[in-house]
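**Student:** Here's a structure for you.
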2 protein chains.
Amino acid sequence: MDKRIPIVQLFKAPVNALIDTNINVKGWVRTKRGNKNVAFIALNDGSIITNLQVVVDLANFDEELMRRITTGACISVNGKLVKSQGAGQSVEIQAEKIFIYGEADPETYPLQKKGHSMEFLREIGHLRPRTNTFGAIMRMRHHMAYAIHTFFHQKGFFYFHTPLITASDCEVAGEMFQVTTMDLNNIPRKEDGSVDYDQDFFGKQTALTVSGQLEGELGATALGSIYTFGPTFRAENSNTPRHLAEFWMVEPEMAFYDLDDLTALEEEFIKYLVKWALDNCQEDLEFLNNMIDKGLIERLKSVVNTDFVRLPYTEGIKILEDAIAKGHKFEFPVSWGVDLASEHERFLVEHHFKKPVIMVDYPKEIKAFYMKQNADGKTVQGTDVLFPQIGEIIGGSVREESYDKLMTAINERNIPMKDMWWYLDTRRYGTCPHAGFGLGFERLMLFVTGMANIRDVIPFPRTPKTAEF
Amino acid sequence: MDKRIPIVQLFKAPVNALIDTNINVKGWVRTKRGNKNVAFIALNDGSIITNLQVVVDLANFDEELMRRITTGACISVNGKLVKSQGAGQSVEIQAEKIFIYGEADPETYPLQKKGHSMEFLREIGHLRPRTNTFGAIMRMRHHMAYAIHTFFHQKGFFYFHTPLITASDCEVAGEMFQVTTMDLNNIPRKEDGSVDYDQDFFGKQTALTVSGQLEGELGATALGSIYTFGPTFRAENSNTPRHLAEFWMVEPEMAFYDLDDLTALEEEFIKYLVKWALDNCQEDLEFLNNMIDKGLIERLKSVVNTDFVRLPYTEGIKILEDAIAKGHKFEFPVSWGVDLASEHERFLVEHHFKKPVIMVDYPKEIKAFYMKQNADGKTVQGTDVLFPQIGEIIGGSVREESYDKLMTAINERNIPMKDMWWYLDTRRYGTCPHAGFGLGFERLMLFVTGMANIRDVIPFPRTPKTAEF
């Protein structure tokens, strides 16, 4: 039979009915070894990290054919599936017919030997999904995305597609990428010499969004609970292992949620995702645990089984000040009102509490204008979920639903609101308490894979001076 | 109790345990009517199109409070859930406590009366999700997106995030949006006066992608079967009910699929999505069937229960030529080699076969360079799925896996491949038969909602001169 069976079905599903029957598998050769009588081909088809061993009795196969089967070649194998004699694998296939779809010249194919550096693999980003490491990461990326959709679907949230091209500037945050169809060699200008955006595609200046939150609030104040999940952009010139110019973000927004509802959802959400990884990505996680980060699986389990701490910012400052009084040294100063540095967050999470911390009630001066103001006049209902190793994985808040308070915050910050009339309408007409948060998907991917560089958890990273593939 | 119950749970889940208990609901007032003794408030919270009737005994409530409850106001209601006396609704709530979160000034709130035009609702796109029509569409949009993810997940496909910012030009298709961080008032130039893209963010000219297919092929030739689902961009200056500058596209790509596998997947996929809508969106579909398109539900059912026709292009031409010979008039000429016009496709689908048609084996001259060439030397293994009313809903093909044939096609078309070395590597190293297709998500949404204008099936449409909200 020629109907291909994905290799994952030979290792994850019950295969007893297939044992001693003829099957067909297709995939790429990872390695070929053997002696003058028999060859062993490790075949991978991407459906699972596990290779299927193809046993080739060389007496039955043409020498020239076998010579062409090298690492990276794509082949189709018909043969009998049998229980494996070797250790560590349950089944193997005894080849009866082999067809070569595509060779891979050993002289030039870049994935010959194991142990390439991550830097080199980034240069061949078009081929790196064929490696064990990046195959595992990409399969887990799929699983985390699907878990996100399933979590929200089951809770009655609606996936709400906020626009990527925007004429508004959410939070006036960071640098934005401009989007234009104007001829850059010959930009249309007005009489005063300024750029004539009337002649651009949208008739005004547009850019790539830095957040779907404000449009998400439009969704939540109509549909109840929504989430966005899509690409987001920052044109920051940051060449760090934590920054991408194009990354994926999840932004749920919920009508009628207060601070307790919000932090409960944040905790439930992350635990659901991490548990999904543990339950559905065993083979890939075991590989990453062995090859990338020996503490990975243990760390994931600890998150699932731990109650996250709720820590008001003011209490957090006290803990840090106490630590300083007892002799702990920080690089950056600590006092009420400062934006905590990574070292402070890590002290609280990894040293003091030894578990994830949801910090709440931040000074209003260090948080965004739309956060709900507390009665103390000093703090707002912002939340940051702080994780071991990776720091902030979620930022969220209850939103200020009072039109007057929101306008005061906007005026205090001199935020230009001329294009934001539609956002203010949510507070003008049937305003409601609501809350939301943002999860950087690649931050999550760093956490669940144990990878160190954010360029290695997205298929084709976009960073300053890099837009390959 | 103050823990809010989403209204959907009162109409879709078994609620017997809640009858005669006190519950809390929160939402927006759709209408208020009644007499001097009792008021009836239709309350909607977006979780379902059905309103919950709130029965208010006016003897127990302050007149001033009741005056402030108008269409669009946001309120919280505590009261007893009872079986409804009225026709058409199963339960209602007898109000015991009402709190107003936000009023909606009847003088200015734009959604006062029913029957706004679609054009007017586009102008208040930030509020239109609060209407029955757009609530229904947005909930169905969620369902279709989740069905897409679930379909592929269950088949072992991996969601593969291809980049939106690209330095390649897929198919050299249509106009692209440029992405830049350069100061348009003062563009850096080289000595020869041309734009100095070295100084742009990515160090080269970049644009928003028109398709993730080529990167998707990188995924499929490593992971087996992948799909993309994300925003895609066309800077075409087309002001039609069928075109958006920013739209969502689904692009699966499968290693080891031939033409039969491909068309089988296309048919199975669409039927799965339409069946999902019928099974999971009854209330919203019934509303759209009543208000927008009386034939909607029947048309959806017919697609699920019909075998799609496989029609080679050459046979399609014969059918059209026969029709012309018998006196049928078309505006555009028909002969082997022409790109079929909408009138031709509709004749085949709506008049001749009266069912969806998957046309295959097109003349190579009218299809893209990457399609697999047939042995006849004239046709390629392209497929278009043609639907009643909306025309092409899917375009796909088997991909040419032969490096030499692909290069010949590229050279015949003078396609600049200088930035495409990575794509060619898929044919150079371990090439494999593979296939894929693209589904325009908003085209699907038009089909499943019965809406006529593509601007009305996406939350915030981007079209020439329009980038509001």
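Just remember, in the structure tokens the first chain shown is A, the second B, etc., residues are 1-based per chain, and ligands are 1-based in the order shown.
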Find the residues around A:Glu253 up to 12 Å (only C-alpha atoms counted), leave out those fewer than 3 positions away in its own chain, and share them as an MDAnalysis selection string.
**Tutor:** chainID A and resid 152 157:160 212:229 250 256:258 261:262 265:266 396:399 433:439
**Student:** Using C-alpha atoms, can you export the residues from the last selection as a short mmCIF file (atom, residue, chain, number, x, y, z; two decimals), in the first residue's frame?
**Tutor:**
```
data_model
loop_
_atom_site.label_atom_id
_atom_site.label_comp_id
_atom_site.auth_asym_id
_atom_site.auth_seq_id
_atom_site.Cartn_x
_atom_site.Cartn_y
_atom_site.Cartn_z
CA PHE A 152 -10.88 31.04 25.61
CA PHE A 157 -14.68 34.35 24.85
CA PHE A 158 -14.83 35.46 21.23
CA TYR A 159 -11.71 35.76 19.05
CA PHE A 160 -11.81 39.38 17.90
CA GLY A 212 -5.01 45.66 19.95
CA GLN A 213 -6.21 46.62 23.41
CA LEU A 214 -8.19 49.75 22.62
CA GLU A 215 -10.09 48.05 19.79
CA GLY A 216 -10.38 45.01 22.05
CA GLU A 217 -12.24 47.16 24.55
CA LEU A 218 -14.74 47.96 21.79
CA GLY A 219 -15.28 44.23 21.41
CA ALA A 220 -15.62 43.53 25.14
CA THR A 221 -18.13 46.32 25.67
CA ALA A 222 -20.36 44.68 23.04
CA LEU A 223 -19.68 40.93 23.17
CA GLY A 224 -18.75 40.58 26.84
CA SER A 225 -15.46 38.70 26.71
CA ILE A 226 -13.12 38.75 23.74
CA TYR A 227 -9.47 38.02 23.01
CA THR A 228 -7.07 38.99 20.30
CA PHE A 229 -4.18 36.81 19.19
CA VAL A 250 -2.64 37.54 23.22
CA PHE A 256 -17.58 43.08 34.28
CA TYR A 257 -14.23 41.76 35.54
CA ASP A 258 -12.74 43.30 38.66
CA ASP A 261 -11.48 38.23 38.51
CA LEU A 262 -8.55 39.49 36.44
CA LEU A 265 -7.99 34.54 35.03
CA GLU A 266 -4.31 35.34 34.54
CA GLY A 396 -2.81 43.81 32.59
CA SER A 397 -5.19 46.04 34.44
CA VAL A 398 -8.70 46.86 35.32
CA ARG A 399 -9.63 49.71 32.96
CA PRO A 433 -16.30 47.89 34.57
CA HIS A 434 -13.86 45.85 32.53
CA ALA A 435 -10.35 44.50 32.57
CA GLY A 436 -7.83 42.83 30.35
CA PHE A 437 -4.26 41.73 29.97
CA GLY A 438 -1.58 41.08 27.38
CA LEU A 439 0.62 37.99 27.13
#
```
**Student:** Give me, as a tab-separated table, each residue of chain A that comes within 7 Å of chain B, together with its shortest interatomic pair and the distance in Å at one decimal, counting only C-alpha atoms, with rows ordered by chain and rising residue number.
**Tutor:**
```
residue	atom	partner	partner_atom	distance
A:Trp28	CA	B:Gly430	CA	6.9
A:Asp45	CA	B:Gly224	CA	5.9
A:Gly46	CA	B:Leu223	CA	3.7
A:Ser47	CA	B:Leu223	CA	5.9
A:Gly72	CA	B:Gly430	CA	5.5
A:Ala73	CA	B:Gly430	CA	4.2
A:Cys74	CA	B:Gly430	CA	4.5
A:Tyr101	CA	B:Cys432	CA	5.5
A:Gly102	CA	B:Gly430	CA	4.2
A:Glu103	CA	B:Gly430	CA	5.0
A:Ala104	CA	B:Tyr429	CA	4.4
A:Tyr109	CA	B:Tyr429	CA	6.7
A:His126	CA	B:Leu218	CA	6.0
A:Pro129	CA	B:Ala222	CA	5.6
A:Arg130	CA	B:Ala222	CA	4.7
A:Gly135	CA	B:Leu223	CA	6.8
A:Arg139	CA	B:Phe158	CA	6.3
A:His142	CA	B:Tyr159	CA	4.9
A:Tyr146	CA	B:His149	CA	6.9
A:His149	CA	B:Tyr146	CA	6.9
A:Phe158	CA	B:His142	CA	5.3
A:Tyr159	CA	B:His142	CA	4.9
A:Phe160	CA	B:His142	CA	6.9
A:His161	CA	B:Pro459	CA	6.6
A:Thr162	CA	B:Pro459	CA	6.9
A:Pro163	CA	B:Phe460	CA	6.3
A:Thr166	CA	B:Ala467	CA	6.3
A:Ala167	CA	B:Ala467	CA	6.3
A:Phe177	CA	B:Thr181	CA	5.4
A:Gln178	CA	B:Thr180	CA	5.4
A:Val179	CA	B:Val179	CA	5.0
A:Thr180	CA	B:Gln178	CA	5.3
A:Thr181	CA	B:Phe177	CA	5.4
A:Asn185	CA	B:Val195	CA	6.4
A:Ser194	CA	B:Asn185	CA	6.7
A:Val195	CA	B:Asn185	CA	6.4
A:Phe201	CA	B:Pro464	CA	5.7
A:Phe202	CA	B:Lys465	CA	3.7
A:Gly203	CA	B:Lys465	CA	4.7
A:Leu218	CA	B:His126	CA	6.0
A:Gly219	CA	B:Pro129	CA	6.8
A:Ala222	CA	B:Arg130	CA	4.7
A:Leu223	CA	B:Gly46	CA	3.7
A:Gly224	CA	B:Gly46	CA	5.3
A:Trp422	CA	B:His126	CA	6.1
A:Arg428	CA	B:Ala104	CA	6.9
A:Tyr429	CA	B:Ala104	CA	4.3
A:Gly430	CA	B:Ala73	CA	4.2
A:Thr431	CA	B:Gly102	CA	4.5
A:Cys432	CA	B:Tyr101	CA	5.5
A:Pro459	CA	B:His161	CA	6.6
A:Phe460	CA	B:Pro163	CA	6.3
A:Pro464	CA	B:Phe202	CA	5.3
A:Lys465	CA	B:Phe202	CA	3.7
A:Thr466	CA	B:Phe202	CA	5.3
A:Ala467	CA	B:Phe202	CA	6.1
A:Glu468	CA	B:Ala167	CA	6.9
A:Phe469	CA	B:Trp422	CA	6.7
```
**Student:** What does the structure give for the distance between atom CA of A:Glu96 and atom CA of A:Asp62, in Å to one decimal?
**Tutor:** 11.9 Å
**Student:** Based on the backbone DSSP call, show me all residues of stretch 287-357 of chain B assigned strand (DSSP E), as a PDB file with all heavy atoms, in the first residue's frame.
**Tutor:**
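result31.pdb was written with the following content:
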```
ATOM      1  N   VAL B 309     -18.081  18.874  -7.418  1.00  0.00           N
ATOM      2  CA  VAL B 309     -17.655  18.388  -8.728  1.00  0.00           C
ATOM      3  C   VAL B 309     -16.156  18.623  -8.905  1.00  0.00           C
ATOM      4  O   VAL B 309     -15.658  19.672  -8.514  1.00  0.00           O
ATOM      5  CB  VAL B 309     -18.419  19.151  -9.840  1.00  0.00           C
ATOM      6  CG1 VAL B 309     -17.919  18.731 -11.213  1.00  0.00           C
ATOM      7  CG2 VAL B 309     -19.913  18.937  -9.700  1.00  0.00           C
ATOM      8  N   ARG B 310     -15.423  17.632  -9.438  1.00  0.00           N
ATOM      9  CA  ARG B 310     -14.061  17.861  -9.926  1.00  0.00           C
ATOM     10  C   ARG B 310     -14.160  18.111 -11.425  1.00  0.00           C
ATOM     11  O   ARG B 310     -14.642  17.235 -12.160  1.00  0.00           O
ATOM     12  CB  ARG B 310     -13.166  16.644  -9.690  1.00  0.00           C
ATOM     13  CG  ARG B 310     -12.359  16.686  -8.409  1.00  0.00           C
ATOM     14  CD  ARG B 310     -13.254  16.556  -7.226  1.00  0.00           C
ATOM     15  NE  ARG B 310     -12.536  16.307  -5.986  1.00  0.00           N
ATOM     16  CZ  ARG B 310     -13.128  16.331  -4.809  1.00  0.00           C
ATOM     17  NH1 ARG B 310     -14.413  16.597  -4.699  1.00  0.00           N
ATOM     18  NH2 ARG B 310     -12.428  16.082  -3.712  1.00  0.00           N
ATOM     19  N   LEU B 311     -13.709  19.243 -11.875  1.00  0.00           N
ATOM     20  CA  LEU B 311     -13.880  19.610 -13.273  1.00  0.00           C
ATOM     21  C   LEU B 311     -12.555  20.087 -13.870  1.00  0.00           C
ATOM     22  O   LEU B 311     -12.094  21.183 -13.536  1.00  0.00           O
ATOM     23  CB  LEU B 311     -14.924  20.728 -13.388  1.00  0.00           C
ATOM     24  CG  LEU B 311     -15.207  21.227 -14.800  1.00  0.00           C
ATOM     25  CD1 LEU B 311     -15.939  20.161 -15.616  1.00  0.00           C
ATOM     26  CD2 LEU B 311     -16.021  22.520 -14.756  1.00  0.00           C
ATOM     27  N   PRO B 312     -11.955  19.283 -14.760  1.00  0.00           N
ATOM     28  CA  PRO B 312     -10.764  19.787 -15.443  1.00  0.00           C
ATOM     29  C   PRO B 312     -11.125  21.030 -16.248  1.00  0.00           C
ATOM     30  O   PRO B 312     -12.206  21.095 -16.858  1.00  0.00           O
ATOM     31  CB  PRO B 312     -10.355  18.626 -16.361  1.00  0.00           C
ATOM     32  CG  PRO B 312     -10.958  17.419 -15.720  1.00  0.00           C
ATOM     33  CD  PRO B 312     -12.240  17.885 -15.105  1.00  0.00           C
ATOM     34  N   VAL B 357     -17.968  23.542  -7.389  1.00  0.00           N
ATOM     35  CA  VAL B 357     -17.107  22.943  -8.400  1.00  0.00           C
ATOM     36  C   VAL B 357     -15.641  23.180  -8.012  1.00  0.00           C
ATOM     37  O   VAL B 357     -15.268  24.303  -7.655  1.00  0.00           O
ATOM     38  CB  VAL B 357     -17.375  23.579  -9.787  1.00  0.00           C
ATOM     39  CG1 VAL B 357     -16.302  23.158 -10.793  1.00  0.00           C
ATOM     40  CG2 VAL B 357     -18.767  23.205 -10.279  1.00  0.00           C
TER      41      VAL B 357
END
```
**Student:** Need to verify the contact set: stretch 339-351 of chain B, 7 Å, only C-alpha atoms, exclusion of same-chain residues closer than 3 positions in sequence. Can you return it as a ChimeraX atom specification?
**Tutor:** /B:354-357,366,386-388,391
**Student:** Mind the document's chain letters and residue numbers, and return as a ChimeraX atom specification the residues of stretch 262-327 of chain A that DSSP labels helix (DSSP H, G or I).
**Tutor:** /A:262-280,282-291,296-304,313-325
**Student:** Need to verify the contact set: B:Arg413, 10 Å, only C-alpha atoms, exclusion of same-chain residues closer than 4 positions in sequence. Can you return it as a list in words?
**Tutor:**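 My list of contacting residues is Glu365, Ala368, Phe369, Met407, Thr408 and Ala409 of chain B.
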**Student:** Name all residues at most 8 Å from stretch 289-299 of chain A (count only C-alpha atoms; drop same-chain ones fewer than 6 positions away) and give them as a PDB file with N, CA, C and O atoms, in the first residue's frame.
**Tutor:**
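As written to disk, part-v7.pdb reads:
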```
ATOM      1  N   LEU A 278       2.695  20.116  29.259  1.00  0.00           N
ATOM      2  CA  LEU A 278       3.120  18.891  29.950  1.00  0.00           C
ATOM      3  C   LEU A 278       2.311  17.681  29.480  1.00  0.00           C
ATOM      4  O   LEU A 278       2.851  16.581  29.332  1.00  0.00           O
ATOM      5  N   VAL A 448       8.195  27.893  28.182  1.00  0.00           N
ATOM      6  CA  VAL A 448       7.838  26.474  28.052  1.00  0.00           C
ATOM      7  C   VAL A 448       8.878  25.654  27.289  1.00  0.00           C
ATOM      8  O   VAL A 448       8.835  24.422  27.331  1.00  0.00           O
ATOM      9  N   THR A 449       9.794  26.307  26.580  1.00  0.00           N
ATOM     10  CA  THR A 449      10.828  25.545  25.861  1.00  0.00           C
ATOM     11  C   THR A 449      12.181  25.577  26.555  1.00  0.00           C
ATOM     12  O   THR A 449      13.049  24.766  26.233  1.00  0.00           O
ATOM     13  N   GLY A 450      12.373  26.542  27.457  1.00  0.00           N
ATOM     14  CA  GLY A 450      13.683  26.685  28.073  1.00  0.00           C
ATOM     15  C   GLY A 450      14.704  27.371  27.181  1.00  0.00           C
ATOM     16  O   GLY A 450      15.880  27.464  27.544  1.00  0.00           O
ATOM     17  N   MET A 451      14.279  27.846  26.022  1.00  0.00           N
ATOM     18  CA  MET A 451      15.209  28.540  25.136  1.00  0.00           C
ATOM     19  C   MET A 451      15.593  29.888  25.734  1.00  0.00           C
ATOM     20  O   MET A 451      14.838  30.481  26.512  1.00  0.00           O
TER      21      MET A 451
END
```
**Student:** Write out as a list in words each polymer residue whose atoms come within 9 Å of B:Ser335, counting only C-alpha atoms; drop sequence neighbours fewer than 6 positions from it.
**Tutor:**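 Surrounding residues, per the criterion: Ile317, Lys318, Leu320 and Glu321 of chain B.
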**Student:** To one decimal place in Å, what is the distance between atom CA of A:Thr314 and atom CA of A:Val380?
**Tutor:** 11.7 Å
